[in-house]
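Next comes work_3.cif, a file with mmCIF, C-alpha atoms and all ligand atoms.
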data_protein
loop_
_atom_site.label_atom_id
_atom_site.label_comp_id
_atom_site.auth_asym_id
_atom_site.auth_seq_id
_atom_site.Cartn_x
_atom_site.Cartn_y
_atom_site.Cartn_z
CA MET W 9 -58.92 104.08 242.29
CA LYS W 10 -59.67 100.93 244.23
CA VAL W 11 -57.68 99.55 247.14
CA THR W 12 -58.08 96.18 248.85
CA VAL W 13 -56.88 95.48 252.37
CA VAL W 14 -56.78 91.83 253.44
CA GLY W 15 -56.73 91.26 257.19
CA ALA W 16 -58.96 94.33 257.56
CA GLY W 17 -60.88 92.80 260.46
CA GLY W 18 -57.64 92.95 262.47
CA ASN W 19 -55.62 95.75 264.01
CA VAL W 20 -53.16 96.80 261.30
CA GLY W 21 -55.56 96.19 258.43
CA SER W 22 -58.37 98.23 259.96
CA THR W 23 -55.93 101.07 260.65
CA VAL W 24 -54.80 101.07 257.01
CA VAL W 25 -58.45 101.33 255.96
CA ASP W 26 -59.15 104.10 258.45
CA VAL W 27 -56.10 106.22 257.53
CA LEU W 28 -56.66 105.78 253.80
CA ALA W 29 -60.37 106.57 254.01
CA GLN W 30 -59.64 109.76 255.92
CA ARG W 31 -57.16 110.83 253.23
CA ASP W 32 -60.05 110.49 250.77
CA ILE W 33 -57.84 109.60 247.82
CA CYS W 34 -59.57 106.50 246.45
CA LYS W 35 -63.07 105.72 245.31
CA GLU W 36 -63.40 102.40 247.11
CA ILE W 37 -61.65 100.37 249.76
CA VAL W 38 -62.47 96.67 249.87
CA ALA W 39 -61.90 95.37 253.39
CA VAL W 40 -61.37 91.60 253.36
CA ASP W 41 -61.05 89.14 256.23
CA ILE W 42 -62.23 85.62 257.03
CA GLU W 43 -65.39 84.72 258.89
CA LYS W 44 -65.02 83.75 262.56
CA LYS W 45 -66.99 80.96 264.23
CA ASP W 46 -67.87 81.11 267.91
CA GLY W 47 -70.01 78.12 268.87
CA ASP W 48 -73.01 78.14 266.58
CA LYS W 49 -72.50 81.83 265.73
CA THR W 50 -70.61 83.22 262.73
CA PHE W 51 -69.04 86.68 262.82
CA TYR W 52 -67.73 88.82 259.95
CA PRO W 53 -65.08 91.21 261.33
CA SER W 54 -64.31 92.82 257.96
CA LYS W 55 -67.98 93.50 257.30
CA GLY W 56 -68.49 94.84 260.83
CA ARG W 57 -65.42 97.07 260.91
CA GLY W 58 -66.00 98.15 257.30
CA LEU W 59 -69.55 99.20 258.10
CA ASP W 60 -68.46 101.01 261.27
CA GLN W 61 -65.77 102.83 259.28
CA TRP W 62 -68.20 103.81 256.49
CA GLU W 63 -70.54 105.16 259.17
CA SER W 64 -67.71 107.49 260.24
CA ALA W 65 -67.67 109.11 256.75
CA PRO W 66 -70.24 111.84 257.49
CA VAL W 67 -68.29 112.84 260.61
CA ASN W 68 -64.77 112.47 259.24
CA LEU W 69 -65.82 114.01 255.94
CA PHE W 70 -64.68 111.50 253.32
CA ASP W 71 -66.32 109.99 250.24
CA THR W 72 -64.29 106.78 249.95
CA ARG W 73 -66.72 103.86 249.99
CA ILE W 74 -65.70 101.04 252.35
CA ASN W 75 -66.93 97.61 251.40
CA GLY W 76 -66.37 94.88 254.02
CA THR W 77 -66.43 91.39 252.55
CA VAL W 78 -65.19 87.80 252.71
CA ASP W 79 -65.50 87.36 248.92
CA TYR W 80 -62.45 87.94 246.71
CA ALA W 81 -64.71 88.58 243.72
CA ASP W 82 -65.32 92.00 245.33
CA THR W 83 -61.61 92.79 245.10
CA ALA W 84 -61.52 92.53 241.29
CA GLY W 85 -59.76 95.41 239.55
CA SER W 86 -57.92 96.69 242.62
CA ASP W 87 -55.09 99.11 241.88
CA VAL W 88 -53.29 98.33 245.13
CA CYS W 89 -53.73 95.46 247.62
CA VAL W 90 -52.34 95.54 251.15
CA ILE W 91 -51.87 92.22 252.95
CA THR W 92 -51.98 92.36 256.73
CA ALA W 93 -53.56 88.91 257.04
CA GLY W 94 -51.90 86.56 259.48
CA VAL W 95 -50.93 86.20 263.07
CA PRO W 96 -49.12 88.82 265.18
CA ARG W 97 -46.43 87.81 267.67
CA ARG W 98 -46.94 87.56 271.40
CA PRO W 99 -44.42 88.34 274.15
CA GLY W 100 -41.44 85.99 273.99
CA MET W 101 -41.83 85.35 270.26
CA SER W 102 -39.67 86.62 267.41
CA ARG W 103 -41.18 87.66 264.09
CA ASP W 104 -39.58 84.56 262.55
CA ASP W 105 -41.70 82.35 264.83
CA LEU W 106 -44.67 83.35 262.63
CA LEU W 107 -43.03 81.95 259.49
CA GLU W 108 -44.99 78.77 258.87
CA ILE W 109 -48.49 79.94 259.73
CA ASN W 110 -48.18 83.29 257.97
CA ALA W 111 -46.47 81.86 254.86
CA ASN W 112 -49.52 79.70 254.25
CA ILE W 113 -51.90 82.61 254.76
CA VAL W 114 -49.91 85.14 252.70
CA GLY W 115 -49.34 82.61 249.90
CA ASP W 116 -53.04 81.82 249.64
CA VAL W 117 -54.16 85.47 249.86
CA SER W 118 -51.60 86.70 247.28
CA LYS W 119 -52.65 84.07 244.76
CA LYS W 120 -56.33 85.01 245.09
CA LEU W 121 -55.60 88.73 244.86
CA ALA W 122 -53.56 88.35 241.66
CA GLU W 123 -56.22 86.12 240.11
CA HIS W 124 -58.83 88.82 240.58
CA SER W 125 -56.57 91.83 239.93
CA PRO W 126 -53.73 90.81 237.58
CA GLU W 127 -52.59 94.44 237.22
CA THR W 128 -52.47 95.15 240.93
CA ILE W 129 -49.60 96.17 243.18
CA ILE W 130 -49.20 94.21 246.42
CA ILE W 131 -47.86 95.70 249.64
CA VAL W 132 -47.20 93.04 252.28
CA VAL W 133 -47.24 93.87 255.98
CA SER W 134 -47.49 90.40 257.56
CA ASN W 135 -44.41 89.06 259.36
CA PRO W 136 -41.71 87.89 259.06
CA LEU W 137 -41.87 90.70 256.55
CA ASP W 138 -38.98 90.20 254.12
CA VAL W 139 -39.74 86.52 253.57
CA MET W 140 -43.51 87.13 253.36
CA VAL W 141 -42.83 89.54 250.48
CA GLN W 142 -40.94 86.79 248.65
CA VAL W 143 -43.87 84.43 249.34
CA ALA W 144 -46.30 86.98 247.91
CA LYS W 145 -44.11 87.46 244.84
CA GLU W 146 -43.92 83.73 244.13
CA SER W 147 -47.59 83.01 244.86
CA SER W 148 -48.96 85.98 242.92
CA GLY W 149 -46.62 85.70 239.94
CA LEU W 150 -46.64 89.51 239.69
CA PRO W 151 -43.47 91.32 238.59
CA TYR W 152 -40.93 92.34 241.22
CA GLU W 153 -41.68 96.05 241.02
CA ARG W 154 -45.34 95.37 241.85
CA VAL W 155 -44.71 93.31 245.00
CA MET W 156 -43.12 94.99 248.02
CA GLY W 157 -43.25 95.17 251.78
CA MET W 158 -43.83 97.82 254.43
CA ALA W 159 -41.31 97.99 257.27
CA GLY W 160 -38.76 100.74 256.66
CA ILE W 161 -41.23 103.62 256.97
CA LEU W 162 -42.30 102.23 260.34
CA ASP W 163 -38.78 101.55 261.56
CA THR W 164 -37.55 105.00 260.53
CA ALA W 165 -40.69 106.57 262.03
CA ARG W 166 -39.77 105.01 265.36
CA PHE W 167 -36.19 106.25 265.05
CA ARG W 168 -37.44 109.72 264.07
CA ALA W 169 -39.97 109.83 266.91
CA PHE W 170 -37.32 108.87 269.49
CA ILE W 171 -34.94 111.54 268.16
CA ALA W 172 -37.73 114.14 268.22
CA SER W 173 -38.39 113.31 271.89
CA GLU W 174 -34.69 113.42 272.70
CA LEU W 175 -34.20 116.87 271.16
CA ASP W 176 -37.68 118.21 271.94
CA VAL W 177 -38.23 119.14 268.29
CA SER W 178 -40.97 118.39 265.80
CA PRO W 179 -40.84 114.84 264.37
CA LYS W 180 -41.66 116.46 261.03
CA ASP W 181 -38.15 117.92 260.92
CA ILE W 182 -36.33 114.63 261.44
CA GLN W 183 -35.43 112.70 258.28
CA ALA W 184 -33.79 109.32 258.48
CA LEU W 185 -32.69 106.36 256.42
CA LEU W 186 -32.70 102.73 257.45
CA MET W 187 -31.93 99.61 255.46
CA GLY W 188 -31.91 95.85 255.87
CA GLY W 189 -34.43 93.29 257.03
CA HIS W 190 -37.32 94.00 259.38
CA GLY W 191 -35.80 92.25 262.36
CA ASP W 192 -33.13 92.65 265.01
CA THR W 193 -30.49 93.14 262.30
CA MET W 194 -32.16 96.18 260.70
CA VAL W 195 -29.68 98.99 259.99
CA PRO W 196 -30.63 102.54 261.06
CA LEU W 197 -28.12 104.93 259.47
CA PRO W 198 -27.29 107.92 261.71
CA ARG W 199 -24.94 109.28 259.01
CA PHE W 200 -28.01 109.80 256.80
CA THR W 201 -30.22 111.19 259.56
CA THR W 202 -30.86 114.91 259.80
CA LEU W 203 -32.66 117.59 261.79
CA ALA W 204 -33.99 120.00 259.16
CA GLY W 205 -31.12 119.04 256.87
CA MET W 206 -28.42 119.31 259.58
CA PRO W 207 -26.58 116.08 260.48
CA ILE W 208 -28.07 114.54 263.61
CA THR W 209 -24.56 113.67 264.77
CA HIS W 210 -24.12 117.42 265.51
CA PHE W 211 -26.90 117.29 268.10
CA ILE W 212 -26.63 113.91 269.83
CA ASP W 213 -23.39 112.32 270.99
CA GLU W 214 -22.34 108.94 269.63
CA ASP W 215 -23.18 106.86 272.73
CA ARG W 216 -26.64 108.37 273.15
CA LEU W 217 -27.33 108.00 269.42
CA GLN W 218 -26.37 104.33 269.63
CA GLU W 219 -28.87 103.88 272.48
CA ILE W 220 -31.58 105.44 270.31
CA VAL W 221 -30.59 103.24 267.36
CA ASP W 222 -30.87 100.16 269.60
CA ARG W 223 -34.27 101.22 270.87
CA ALA W 224 -35.52 101.74 267.30
CA LYS W 225 -34.24 98.30 266.29
CA LYS W 226 -36.19 96.76 269.14
CA GLY W 227 -39.18 99.10 268.72
CA GLY W 228 -41.59 96.36 267.66
CA GLY W 229 -40.66 94.21 270.65
CA GLU W 230 -41.06 97.18 273.02
CA ILE W 231 -44.71 97.51 271.98
CA VAL W 232 -45.30 93.74 272.16
CA GLY W 233 -43.93 93.82 275.71
CA LEU W 234 -46.31 96.63 276.67
CA MET W 235 -49.47 95.35 274.96
CA GLY W 236 -49.13 91.57 274.62
CA THR W 237 -49.59 91.95 270.87
CA SER W 238 -47.86 94.03 268.22
CA ALA W 239 -48.29 97.63 267.09
CA TRP W 240 -50.89 98.91 264.63
CA TYR W 241 -51.20 102.71 264.55
CA ALA W 242 -47.74 103.45 263.19
CA PRO W 243 -47.66 100.33 260.97
CA GLY W 244 -51.11 101.10 259.54
CA ALA W 245 -50.22 104.73 258.86
CA ALA W 246 -46.96 103.65 257.21
CA ALA W 247 -48.67 101.19 254.86
CA ALA W 248 -51.30 103.82 253.98
CA GLN W 249 -48.50 106.26 253.11
CA MET W 250 -47.11 103.75 250.61
CA VAL W 251 -50.57 103.28 249.05
CA GLU W 252 -50.93 107.05 248.74
CA ALA W 253 -47.53 107.42 247.06
CA ILE W 254 -48.52 104.82 244.47
CA LEU W 255 -52.06 106.03 243.82
CA LEU W 256 -51.01 109.66 243.49
CA ASP W 257 -47.76 108.88 241.64
CA GLN W 258 -45.87 110.94 244.20
CA ASN W 259 -42.38 109.56 243.50
CA ARG W 260 -41.78 109.50 247.25
CA ILE W 261 -38.43 108.19 248.45
CA PHE W 262 -39.05 105.63 251.17
CA PRO W 263 -37.21 102.71 252.68
CA VAL W 264 -39.22 99.78 251.31
CA CYS W 265 -38.74 96.02 251.29
CA ALA W 266 -38.00 95.72 247.57
CA HIS W 267 -36.30 93.18 245.36
CA ILE W 268 -32.64 93.84 244.65
CA ASP W 269 -30.26 91.94 242.46
CA GLY W 270 -26.76 93.35 242.55
CA GLU W 271 -27.57 96.66 244.23
CA TYR W 272 -25.55 97.12 247.43
CA GLY W 273 -23.62 94.00 246.36
CA ILE W 274 -26.58 91.78 247.29
CA ASP W 275 -28.00 89.25 244.83
CA ASP W 276 -31.65 88.29 244.35
CA LEU W 277 -33.22 89.21 247.66
CA TYR W 278 -36.19 91.15 249.06
CA ILE W 279 -34.80 93.50 251.72
CA GLY W 280 -35.23 97.09 252.92
CA VAL W 281 -33.62 99.70 250.64
CA PRO W 282 -34.49 103.26 249.62
CA VAL W 283 -36.76 103.33 246.57
CA LYS W 284 -38.75 105.75 244.45
CA LEU W 285 -42.42 104.87 244.81
CA GLY W 286 -45.19 105.90 242.43
CA THR W 287 -47.43 104.63 239.64
CA GLY W 288 -46.48 101.06 238.77
CA GLY W 289 -44.85 100.47 242.16
CA VAL W 290 -41.09 100.55 242.74
CA LYS W 291 -39.74 102.80 239.99
CA GLU W 292 -36.14 102.73 241.09
CA VAL W 293 -33.91 101.33 243.83
CA ILE W 294 -31.71 104.16 245.04
CA GLU W 295 -28.09 103.32 245.72
CA VAL W 296 -26.10 105.44 248.12
CA ALA W 297 -22.45 104.85 248.98
CA LEU W 298 -22.21 103.08 252.33
CA ASN W 299 -19.04 103.08 254.40
CA GLU W 300 -17.45 99.79 255.37
CA GLU W 301 -19.19 99.55 258.74
CA GLU W 302 -22.63 100.28 257.25
CA GLN W 303 -22.10 97.79 254.41
CA ASP W 304 -21.02 95.10 256.92
CA LEU W 305 -24.21 95.66 258.93
CA LEU W 306 -26.32 95.47 255.76
CA ASN W 307 -24.56 92.25 254.72
CA GLU W 308 -25.27 90.78 258.17
CA SER W 309 -28.91 91.72 257.83
CA ALA W 310 -29.11 90.17 254.34
CA LYS W 311 -27.60 86.99 255.81
CA ALA W 312 -30.32 86.88 258.48
CA VAL W 313 -33.09 87.36 255.88
CA ARG W 314 -31.58 84.63 253.69
CA SER W 315 -31.46 82.26 256.62
CA THR W 316 -35.22 82.75 257.27
CA LEU W 317 -35.82 82.32 253.54
CA ASP W 318 -33.90 79.01 253.64
CA GLU W 319 -36.07 77.94 256.57
CA PHE W 320 -39.15 78.75 254.49
CA ARG W 321 -37.84 76.70 251.53
CA GLU W 322 -37.18 73.75 253.84
CA LEU W 323 -40.71 73.98 255.23
CA MET W 324 -42.14 73.96 251.72
CA ASN W 325 -40.09 70.90 250.77
CA LYS W 326 -41.35 68.88 253.75
N1 LIG W 401 -44.32 94.90 258.63
C1 LIG W 401 -44.49 95.50 259.77
O1 LIG W 401 -43.80 96.45 260.07
C2 LIG W 401 -45.54 95.03 260.72
C3 LIG W 401 -46.10 93.80 260.56
N2 LIG W 401 -47.09 93.38 261.39
C4 LIG W 401 -47.67 92.07 261.10
O2 LIG W 401 -48.96 92.27 260.53
C5 LIG W 401 -49.76 91.13 260.77
C6 LIG W 401 -51.13 91.54 261.30
O3 LIG W 401 -51.01 92.07 262.58
P1 LIG W 401 -52.34 92.53 263.39
O4 LIG W 401 -53.23 93.29 262.50
O5 LIG W 401 -51.89 93.13 264.65
O6 LIG W 401 -53.01 91.12 263.68
P2 LIG W 401 -54.57 90.85 263.90
O7 LIG W 401 -54.67 89.48 264.48
O8 LIG W 401 -55.19 91.97 264.64
O9 LIG W 401 -55.15 90.84 262.43
C7 LIG W 401 -54.83 89.89 261.49
C8 LIG W 401 -56.07 89.59 260.70
O10 LIG W 401 -55.75 88.67 259.67
C9 LIG W 401 -56.90 87.87 259.46
N3 LIG W 401 -56.59 86.65 258.73
C10 LIG W 401 -56.01 85.52 259.16
N4 LIG W 401 -55.97 84.61 258.17
C11 LIG W 401 -56.55 85.19 257.09
C12 LIG W 401 -56.80 84.77 255.77
N5 LIG W 401 -56.45 83.55 255.35
N6 LIG W 401 -57.43 85.61 254.93
C13 LIG W 401 -57.78 86.86 255.34
N7 LIG W 401 -57.58 87.32 256.57
C14 LIG W 401 -56.96 86.50 257.44
C15 LIG W 401 -57.38 87.58 260.89
O11 LIG W 401 -58.71 87.12 260.87
C16 LIG W 401 -57.19 88.92 261.54
O12 LIG W 401 -58.36 89.70 261.50
C17 LIG W 401 -48.95 90.25 261.71
O13 LIG W 401 -48.31 89.22 261.00
C18 LIG W 401 -47.93 91.20 262.29
O14 LIG W 401 -46.76 90.55 262.73
C19 LIG W 401 -47.58 94.16 262.39
C20 LIG W 401 -47.04 95.39 262.60
C21 LIG W 401 -45.95 95.92 261.82
O1 LIG W 402 -43.04 93.66 266.30
C1 LIG W 402 -43.86 93.03 265.64
O2 LIG W 402 -44.06 91.81 265.71
C2 LIG W 402 -44.69 93.79 264.65
C3 LIG W 402 -43.78 94.59 263.85
O3 LIG W 402 -43.17 94.10 262.90
C4 LIG W 402 -43.41 95.91 264.35
O4 LIG W 402 -44.18 96.53 265.10
O5 LIG W 402 -42.32 96.37 263.99
#
Re-express the file's structure as structure tokens.
Amino acid sequence: MKVTVVGAGGNVGSTVVDVLAQRDICKEIVAVDIEKKDGDKTFYPSKGRGLDQWESAPVNLFDTRINGTVDYADTAGSDVCVITAGVPRRPGMSRDDLLEINANIVGDVSKKLAEHSPETIIIVVSNPLDVMVQVAKESSGLPYERVMGMAGILDTARFRAFIASELDVSPKDIQALLMGGHGDTMVPLPRFTTLAGMPITHFIDEDRLQEIVDRAKKGGGEIVGLMGTSAWYAPGAAAAQMVEAILLDQNRIFPVCAHIDGEYGIDDLYIGVPVKLGTGGVKEVIEVALNEEEQDLLNESAKAVRSTLDEFRELMNK
């Protein structure tokens, strides 16, 4: 099993490499990034971080080889590729502000990855997520089920963590579902959120739950406000969990940015929905009956994703 992570010299990418290596479930991780010039000096963040991470193997007790590189030839034959390449937002920016710069990067990277690994599965992390997944799909030419995005695991993890703090219970016992785009219109679904199988609405009153939902929706921005750049531990762990589900054919049910066409009444769009994830990528989009309010929120979110997608198409036609 071989996994490539592009953007591995950066925060999210290096976390994906670290988490995956420590799980010790693949033979090799290829850590790709670009070279960086500083005056007359050239630096190689992916080689540096990759080497540092490999040097942690004897202490952290894993066998996974980590190969830092700037050469896509090294990525050939990857089973899964994770794309975290691009620019993160700064305070005052929305994820959509990254559209133009990251579309160019993600488009270029996806094309190169598919050229070297035509059978691979791509997981996109770069923002604005839902549109970047569409960019990766079009640039790679890979089938829909083999191109997807990570956002829902992170967004539900935030929601779950906040609920665990609120109730002073283990986050392991909170399960939650969230749908929609990875932006302000994302749709956490309290009706499908449980504490050890018991509806969360039994434990937290409606107003307080709404406050927690709102905090989860703005969870990315909360971190940007605290750090001046965006999160990486939870995003990196979430992307690694998707890689693991695919490599080990776990058939995990996760909210994933996947392509739907008709499901939930939405045509031809990459957006967050629950899926079954395993060998070959997205095996199935799971449809659950939403009530009118939930469906309206999902439709709103789809509208917001489509509007960013239209913006991307306009940029490409310029
Ligand atoms: N989907 C999600 O839930 C999340 C998405 N993100 C997004 O992930 C992306 C990465 O965030 P960070 O790791 O914090 O940023 P970072 O700046 O720490 O790392 C990005 C890396 O991408 C590399 N890069 C840029 N152009 C490249 C190219 N053409 N080829 C290969 N590598 C290239 C940079 O050199 C840098 O090392 C951002 O777009 C951010 O918004 C971040 C957190 C969560
Ligand atoms: O907020 C950001 O820009 C990064 C991200 O998508 C997240 O942490 O949810």
Show me, as a Markdown table, the residues of chain W having an atom within 6 Å of ligand LIG 402 (chain W), each with the closest atom pair and its distance in Å, using only C-alpha atoms and all ligand atoms.
| residue | atom | partner | partner_atom | distance |
| --- | --- | --- | --- | --- |
| W:Pro96 | CA | W:LIG402 | O2 | 5.9 |
| W:Arg97 | CA | W:LIG402 | O2 | 5.0 |
| W:Arg103 | CA | W:LIG402 | O2 | 5.3 |
| W:Gly228 | CA | W:LIG402 | O1 | 3.4 |
| W:Gly229 | CA | W:LIG402 | O1 | 5.0 |
| W:Ser238 | CA | W:LIG402 | C2 | 4.8 |
| W:Ala239 | CA | W:LIG402 | O4 | 4.7 |
If you count all atoms listed in the file, which residues fall within 6 Å of Val281 (chain W), apart from same-chain ones fewer than 6 positions away, as a PyMOL selection string?
chain W and resi 187+263-264
Would you list the contacts of region 138-147 of chain W as a PyMOL selection string, taking every protein, DNA or RNA residue within 9 Å and counting all atoms listed in the file, but skipping same-chain residues closer than 3 positions in sequence?
chain W and resi 107+110-112+114-120+122+130-135+150-152+154-157+159+189-190+265-267+277-280+313-314+316-317+320
Which one of W:Val293, W:Leu305, W:Ala165, W:Cys89 sits closest to Ile37 (chain W) if you count all atoms listed in the file?
W:Cys89
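Nearest to Val40 (chain W) of all the residues W:Thr164, W:Ser102, W:Gln61, W:Thr83 is W:Thr83, counting all atoms listed in the file.
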Give me, as JSON lines, the closest atom pair and its distance (Å, one decimal) for every residue of chain W within a cut-off of 6 Å of ligand LIG 401 (chain W), counting only C-alpha atoms and all ligand atoms, rows sorted by chain and rising number.
{"residue": "W:Val14", "atom": "CA", "partner": "W:LIG401", "partner_atom": "C13", "distance": 5.4}
{"residue": "W:Gly15", "atom": "CA", "partner": "W:LIG401", "partner_atom": "O10", "distance": 3.7}
{"residue": "W:Gly17", "atom": "CA", "partner": "W:LIG401", "partner_atom": "O12", "distance": 4.1}
{"residue": "W:Gly18", "atom": "CA", "partner": "W:LIG401", "partner_atom": "O9", "distance": 3.3}
{"residue": "W:Asn19", "atom": "CA", "partner": "W:LIG401", "partner_atom": "O4", "distance": 3.7}
{"residue": "W:Val20", "atom": "CA", "partner": "W:LIG401", "partner_atom": "O4", "distance": 3.7}
{"residue": "W:Gly21", "atom": "CA", "partner": "W:LIG401", "partner_atom": "O4", "distance": 5.5}
{"residue": "W:Asp41", "atom": "CA", "partner": "W:LIG401", "partner_atom": "N7", "distance": 3.9}
{"residue": "W:Ile42", "atom": "CA", "partner": "W:LIG401", "partner_atom": "C13", "distance": 4.9}
{"residue": "W:Thr92", "atom": "CA", "partner": "W:LIG401", "partner_atom": "C6", "distance": 4.7}
{"residue": "W:Ala93", "atom": "CA", "partner": "W:LIG401", "partner_atom": "O10", "distance": 3.4}
{"residue": "W:Gly94", "atom": "CA", "partner": "W:LIG401", "partner_atom": "C10", "distance": 4.3}
{"residue": "W:Val95", "atom": "CA", "partner": "W:LIG401", "partner_atom": "O13", "distance": 4.5}
{"residue": "W:Pro96", "atom": "CA", "partner": "W:LIG401", "partner_atom": "C17", "distance": 3.8}
{"residue": "W:Arg97", "atom": "CA", "partner": "W:LIG401", "partner_atom": "O14", "distance": 5.7}
{"residue": "W:Ile113", "atom": "CA", "partner": "W:LIG401", "partner_atom": "N5", "distance": 4.7}
{"residue": "W:Val133", "atom": "CA", "partner": "W:LIG401", "partner_atom": "N1", "distance": 4.1}
{"residue": "W:Ser134", "atom": "CA", "partner": "W:LIG401", "partner_atom": "O13", "distance": 3.7}
{"residue": "W:Asn135", "atom": "CA", "partner": "W:LIG401", "partner_atom": "O13", "distance": 4.2}
{"residue": "W:Leu137", "atom": "CA", "partner": "W:LIG401", "partner_atom": "N1", "distance": 5.3}
{"residue": "W:Met158", "atom": "CA", "partner": "W:LIG401", "partner_atom": "N1", "distance": 5.1}
{"residue": "W:Ala159", "atom": "CA", "partner": "W:LIG401", "partner_atom": "O1", "distance": 4.1}
{"residue": "W:Leu162", "atom": "CA", "partner": "W:LIG401", "partner_atom": "O1", "distance": 6.0}
{"residue": "W:Ser238", "atom": "CA", "partner": "W:LIG401", "partner_atom": "O5", "distance": 5.5}
{"residue": "W:Ala239", "atom": "CA", "partner": "W:LIG401", "partner_atom": "C20", "distance": 5.2}
{"residue": "W:Trp240", "atom": "CA", "partner": "W:LIG401", "partner_atom": "C20", "distance": 5.6}
{"residue": "W:Pro243", "atom": "CA", "partner": "W:LIG401", "partner_atom": "C21", "distance": 4.8}
Quick one: 4 Å padding each side, axis-aligned, all listed atoms of region 35-47 of chain W - centre and edge lengths in Å to one decimal, as lines of an AutoDock Vina configuration file?
center_x = -65.5
center_y = 91.9
center_z = 257.1
size_x = 17.0
size_y = 35.6
size_z = 31.6
Give me the residues within 7 Å of region 200-213 of chain W as a PyMOL selection string, counting only C-alpha atoms and dropping any in the same chain fewer than 2 places off.
chain W and resi 181-185+197-198+215-217
One number please: CA of Thr72 (chain W) to CA of Glu36 (chain W), in Å, one decimal.
5.3 Å
State, in Å with one decimal place, the distance from CA of Gly58 (chain W) to CA of Gly286 (chain W).
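We find that CA of Gly58 (chain W) and CA of Gly286 (chain W) lie 26.7 Å from each other.
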W:Glu292, W:Asp48, W:Glu108, W:Asp192 ranked by distance to Arg260 (chain W), top pick (using only C-alpha atoms)
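For Arg260 (chain W), the nearest of the given residues is W:Glu292.
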Kindly give the distance, in Å, that separates CA of Phe262 (chain W) and CA of Ile161 (chain W), rounded to a single decimal.
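CA of Phe262 (chain W) sits 6.5 Å away from CA of Ile161 (chain W).
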